[in-house]
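Peer 1: You'll find data_39.tsv just under this line, and it carries TSV, C-alpha atoms.
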```
chain	number	residue	atom	x	y	z
A	182	MET	CA	17.52	17.40	-3.97
A	183	GLN	CA	16.00	13.94	-4.21
A	184	LYS	CA	18.19	10.95	-3.48
A	185	GLU	CA	18.17	8.02	-5.85
A	186	ILE	CA	16.39	5.01	-4.46
A	187	PRO	CA	16.45	1.37	-5.50
A	188	GLY	CA	13.33	-0.74	-5.32
A	189	PRO	CA	9.73	0.35	-4.89
A	190	ALA	CA	8.80	4.03	-4.80
A	191	VAL	CA	5.76	5.43	-2.95
A	192	ILE	CA	4.28	8.32	-4.93
A	193	SER	CA	1.48	10.38	-3.35
A	194	LEU	CA	-0.82	12.56	-5.43
A	195	LEU	CA	-3.58	15.01	-4.68
A	196	VAL	CA	-6.20	14.93	-7.41
A	197	ASP	CA	-9.57	16.51	-8.06
A	198	ASN	CA	-12.19	13.95	-7.12
A	199	GLU	CA	-13.87	13.79	-10.52
A	200	SER	CA	-15.05	11.06	-12.82
A	201	GLY	CA	-12.25	9.57	-14.91
A	202	ALA	CA	-9.34	11.05	-12.93
A	203	LEU	CA	-8.15	7.69	-11.61
A	204	ALA	CA	-8.60	6.06	-15.01
A	205	ARG	CA	-6.32	8.67	-16.60
A	206	ILE	CA	-3.62	8.09	-13.96
A	207	ILE	CA	-3.80	4.31	-14.31
A	208	GLY	CA	-3.79	4.66	-18.10
A	209	LEU	CA	-0.56	6.63	-17.86
A	210	PHE	CA	1.10	3.68	-16.10
A	211	SER	CA	-0.30	0.93	-18.30
A	212	GLY	CA	0.22	2.86	-21.53
A	213	ARG	CA	3.93	3.19	-20.81
A	214	GLY	CA	4.46	-0.29	-19.42
A	215	TYR	CA	4.94	0.70	-15.76
A	216	ASN	CA	3.68	-1.69	-13.11
A	217	ILE	CA	1.52	-0.58	-10.18
A	218	ARG	CA	2.32	-2.75	-7.15
A	219	SER	CA	-0.19	-1.03	-4.88
A	220	LEU	CA	-2.85	1.64	-5.31
A	221	THR	CA	-5.03	3.36	-2.70
A	222	VAL	CA	-7.46	6.21	-3.25
A	223	ALA	CA	-9.75	8.10	-0.87
A	224	PRO	CA	-11.22	11.58	-0.45
A	225	VAL	CA	-9.19	13.66	2.02
A	226	ASP	CA	-10.98	17.00	2.31
A	227	GLU	CA	-14.17	17.89	4.13
A	228	GLU	CA	-16.19	18.44	0.96
A	229	GLY	CA	-14.93	15.31	-0.81
A	230	LEU	CA	-13.54	17.35	-3.72
A	231	VAL	CA	-9.89	16.24	-3.38
A	232	SER	CA	-8.62	12.65	-3.19
A	233	ARG	CA	-5.24	11.34	-2.19
A	234	VAL	CA	-3.78	8.61	-4.36
A	235	ASN	CA	-0.87	6.51	-3.12
A	236	VAL	CA	0.88	4.49	-5.82
A	237	VAL	CA	3.68	2.02	-5.20
A	238	THR	CA	5.65	1.33	-8.35
A	239	THR	CA	9.11	0.16	-9.35
A	240	GLY	CA	11.69	1.30	-11.85
A	241	THR	CA	15.03	2.95	-12.20
A	242	PRO	CA	15.39	6.40	-10.65
A	243	ALA	CA	15.04	7.86	-14.17
A	244	ASP	CA	11.81	5.87	-14.70
A	245	ILE	CA	10.39	7.14	-11.42
A	246	ARG	CA	11.26	10.76	-12.28
A	247	GLN	CA	9.58	10.28	-15.68
A	248	ILE	CA	6.46	8.85	-14.02
A	249	GLU	CA	6.31	11.84	-11.66
A	250	ALA	CA	6.70	14.32	-14.54
A	251	GLN	CA	3.99	12.62	-16.60
A	252	ILE	CA	1.57	12.48	-13.66
A	253	GLU	CA	2.13	16.19	-12.94
A	254	ARG	CA	0.92	16.98	-16.46
A	255	GLN	CA	-2.44	15.29	-15.84
A	256	VAL	CA	-5.26	17.83	-15.59
A	257	PRO	CA	-6.90	16.79	-12.29
A	258	VAL	CA	-3.55	16.37	-10.45
A	259	SER	CA	-2.64	19.26	-8.14
A	260	ARG	CA	0.40	17.75	-6.34
A	261	VAL	CA	2.84	14.86	-6.86
A	262	VAL	CA	5.40	13.80	-4.25
A	263	ASN	CA	7.74	10.81	-4.31
A	264	LEU	CA	7.68	10.06	-0.58
A	265	THR	CA	10.44	7.47	-0.88
A	266	ALA	CA	12.86	9.98	-2.41
A	267	GLU	CA	11.74	12.99	-0.35
A	268	GLY	CA	12.74	11.55	3.01
A	269	PRO	CA	11.24	9.91	6.08
A	270	HIS	CA	7.66	8.73	5.71
A	271	VAL	CA	5.28	6.26	7.29
A	272	ALA	CA	3.84	3.58	4.99
A	273	ARG	CA	1.38	0.95	6.18
A	274	GLU	CA	-1.17	-1.40	4.78
A	275	MET	CA	-3.85	-3.60	6.26
A	276	ALA	CA	-4.76	-7.16	5.35
A	277	LEU	CA	-7.48	-9.61	6.21
A	278	ILE	CA	-6.04	-13.14	6.14
A	279	LYS	CA	-8.24	-16.24	6.32
A	280	VAL	CA	-6.67	-19.44	7.65
A	281	VAL	CA	-8.58	-22.73	7.62
A	282	SER	CA	-6.96	-25.27	9.92
A	283	HIS	CA	-7.41	-27.83	12.72
A	284	GLY	CA	-5.34	-29.20	15.57
A	285	GLU	CA	-1.67	-28.23	15.81
A	286	ALA	CA	-1.83	-26.04	12.69
A	287	ARG	CA	-4.63	-24.01	14.29
A	288	THR	CA	-2.63	-23.57	17.49
A	289	GLU	CA	0.48	-22.58	15.52
A	290	ALA	CA	-1.51	-20.04	13.46
A	291	LEU	CA	-2.73	-18.40	16.68
A	292	ARG	CA	0.78	-18.36	18.16
A	293	ILE	CA	2.22	-16.69	15.04
A	294	ALA	CA	-0.68	-14.21	14.94
A	295	GLN	CA	0.11	-13.17	18.52
A	296	ALA	CA	3.78	-12.68	17.65
A	297	PHE	CA	2.79	-10.42	14.73
A	298	ARG	CA	0.11	-8.63	16.79
A	299	ALA	CA	-2.59	-9.73	14.36
A	300	ARG	CA	-6.15	-9.61	15.66
A	301	ALA	CA	-8.59	-12.47	15.14
A	302	VAL	CA	-11.66	-10.59	13.83
A	303	ASP	CA	-13.62	-13.74	12.96
A	304	THR	CA	-13.35	-17.21	14.46
A	305	THR	CA	-15.14	-20.45	13.68
A	306	ALA	CA	-14.39	-24.05	14.68
A	307	SER	CA	-12.26	-24.45	11.56
A	308	SER	CA	-11.11	-20.98	10.54
A	309	PHE	CA	-9.76	-17.61	11.57
A	310	VAL	CA	-9.79	-14.26	9.84
A	311	PHE	CA	-6.84	-12.22	11.07
A	312	GLU	CA	-6.50	-8.46	10.68
A	313	LEU	CA	-2.92	-7.28	10.39
A	314	THR	CA	-1.57	-3.77	9.88
A	315	GLY	CA	2.04	-2.88	9.19
A	316	SER	CA	4.69	-2.57	6.54
A	317	THR	CA	4.35	-4.50	3.31
A	318	ASP	CA	7.27	-6.71	4.39
A	319	LYS	CA	5.54	-7.55	7.67
A	320	LEU	CA	2.34	-8.55	5.89
A	321	ASP	CA	4.27	-10.58	3.31
A	322	SER	CA	6.13	-12.45	6.08
A	323	PHE	CA	2.94	-13.23	7.98
A	324	ILE	CA	1.20	-14.50	4.85
A	325	GLU	CA	4.14	-16.75	3.98
A	326	LEU	CA	4.10	-18.24	7.50
A	327	MET	CA	0.35	-18.94	7.19
A	328	ARG	CA	0.68	-20.81	3.84
A	329	PRO	CA	1.61	-24.20	5.33
A	330	LEU	CA	-0.93	-23.72	8.14
A	331	GLY	CA	-3.98	-23.45	5.89
A	332	LEU	CA	-3.92	-20.02	4.25
A	333	ALA	CA	-7.19	-19.81	2.33
A	334	GLU	CA	-7.70	-16.18	1.31
A	335	VAL	CA	-6.07	-12.74	1.50
A	336	SER	CA	-7.51	-9.26	1.00
A	337	ARG	CA	-5.10	-6.29	1.20
A	338	THR	CA	-5.79	-2.58	1.24
A	339	GLY	CA	-2.65	-1.39	-0.50
A	340	VAL	CA	-0.19	1.10	0.94
A	341	ALA	CA	-1.29	4.26	2.73
A	342	ALA	CA	1.64	6.63	3.20
A	343	ILE	CA	2.33	10.05	4.68
A	344	ARG	CA	5.41	12.17	5.39
A	345	ARG	CA	6.85	12.18	8.89
A	346	GLY	CA	7.00	15.46	10.76
A	347	PRO	CA	5.05	18.67	10.14
A	348	GLN	CA	5.63	18.90	6.37
A	349	THR	CA	2.69	17.93	4.11
A	350	ILE	CA	2.39	17.17	0.44
```
Would you write the structure of this file as structure tokens?

Peer 2:
Amino acid sequence: MQKEIPGPAVISLLVDNESGALARIIGLFSGRGYNIRSLTVAPVDEEGLVSRVNVVTTGTPADIRQIEAQIERQVPVSRVVNLTAEGPHVAREMALIKVVSHGEARTEALRIAQAFRARAVDTTASSFVFELTGSTDKLDSFIELMRPLGLAEVSRTGVAAIRRGPQTI
């Protein structure tokens, strides 16, 4: 039995990799007024016929159950699992964060990046691009710390999630 969870829910889907499949799933959310906080999609089988979609959304437990039920009725969807409710899972995202700074702010940005284990993947005399992987909270915290130091641009992948242990979706 699923436990009720407050806050964001990570829902993973397996869908046929066909034209319009993602549009139908997104339309389901927007048509009913549900917000998508994060969305990732990529083929996951050798032939490229099946894609995994990870959606992070919010709502009451009843809303989340309704979203799951409506997604399951979509034609190209073969599996729907609420990873948050099902139990332990690993969820990570990656971000590229550009910081433009000089002097002490530049030194402080590097110090914070080291503490967060961010990698400098591009460096110029006046800027850094850091690559950071981790939980959404970790990325949010790093970005907030970079704001006063010259945060210029952020590009995030969205959440990739998978169950812990041998069980699959």

Peer 1: Residues at most 9 Å from Ile324 (chain A), counting only C-alpha atoms, excluding those fewer than 4 positions away in the same chain, as number ranges by chain?

Peer 2: A: 278, 319-320, 328, 332, 335

Peer 1: Which polymer residues, whether protein, DNA or RNA, lie within 12 Å of the coordinate (0.5, -21.8, 16.1) when you count all atoms listed in the file? List them as a ChimeraX atom specification, using the chain letters and numbers from the file.

Peer 2: /A:280,282-297,309,326-327,329-331

Peer 1: Mind giving me the straight-line distance from CA of Val236 (chain A) to CA of Glu325 (chain A) in Å, one decimal?

Peer 2: 23.6 Å

Peer 1: When you count all atoms listed in the file, which of these residues is closest to Arg213 (chain A): A:Gln348, A:Gln247, A:Ser308, A:Ser316?

Peer 2: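 Result for the nearest residue to Arg213 (chain A): A:Gln247.
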
Peer 1: If you measure from CA of Ala272 (chain A) to CA of Asn235 (chain A), what distance in Å do you get, rounded to one decimal?

Peer 2: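 Interatomic distance, CA of Ala272 (chain A) to CA of Asn235 (chain A): 9.8 Å.
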
Peer 1: Please measure the separation of CA of Val262 (chain A) and CA of Ile206 (chain A), giving the value in Å to one decimal.

Peer 2: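 Atom-to-atom, CA of Val262 (chain A) and CA of Ile206 (chain A) are spaced 14.4 Å apart.
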
Peer 1: Find the residues near Val196 (chain A): any atom within 8 Å, counting all atoms listed in the file, skip ones fewer than 6 places away on the same chain, and give them as a ChimeraX atom specification.

Peer 2: /A:202,231-234,257-260

Peer 1: Identify the residues around (-10.5, 12.6, -1.8) within a radius of 9 Å, measuring from all atoms listed in the file in the coordinates stated by the file, and give them as a list in words.

Peer 2: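 It turns out the residues near that spot are Leu195, Val196, Asp197, Asn198, Val222, Ala223, Pro224, Val225, Asp226, Glu227, Glu228, Gly229, Leu230, Val231, Ser232, Arg233 and Val234 of chain A.
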
Peer 1: Here is a test: counting all atoms listed in the file, which residue of A:Thr304, A:Asn216, A:Thr241, A:Ser336 is nearest to Gly188 (chain A)?

Peer 2: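 Closest to Gly188 (chain A), using all atoms listed in the file: A:Thr241.
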
Peer 1: Point out the residue among A:Arg298, A:Tyr215, A:Ile192, A:Pro347 with the least atom-to-atom distance to Glu267 (chain A), counting only C-alpha atoms.

Peer 2: A:Ile192

Peer 1: Counting only C-alpha atoms, figure out which residue out of A:Ser307, A:Gln251, A:Val271, A:Ala299 gets nearest to Gly208 (chain A).

Peer 2: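 Under the stated criterion, the closest residue is A:Gln251.
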
Peer 1: Leaving out Val302 (chain A) and any residue of its chain fewer than 6 positions from it, which residues lie within 9 Å of it when counting only C-alpha atoms, given as an MDAnalysis selection string?

Peer 2: chainID A and resid 277 309:312

Peer 1: Go through A:Glu274, A:Asp303, A:Asp321, A:Glu199 one by one, measure the shortest atom-to-atom distance of each to Val256 (chain A) using all atoms listed in the file, and give the residue with the smallest value.

Peer 2: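 Answer, going by the shortest atom-to-atom distance: A:Glu199.
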
Peer 1: Considering only C-alpha atoms, state which residue in the set A:Leu313, A:Ile248, A:Ile207, A:Val281 is at the smallest distance from Thr338 (chain A).

Peer 2: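 Smallest distance to Thr338 (chain A) is found for A:Leu313.
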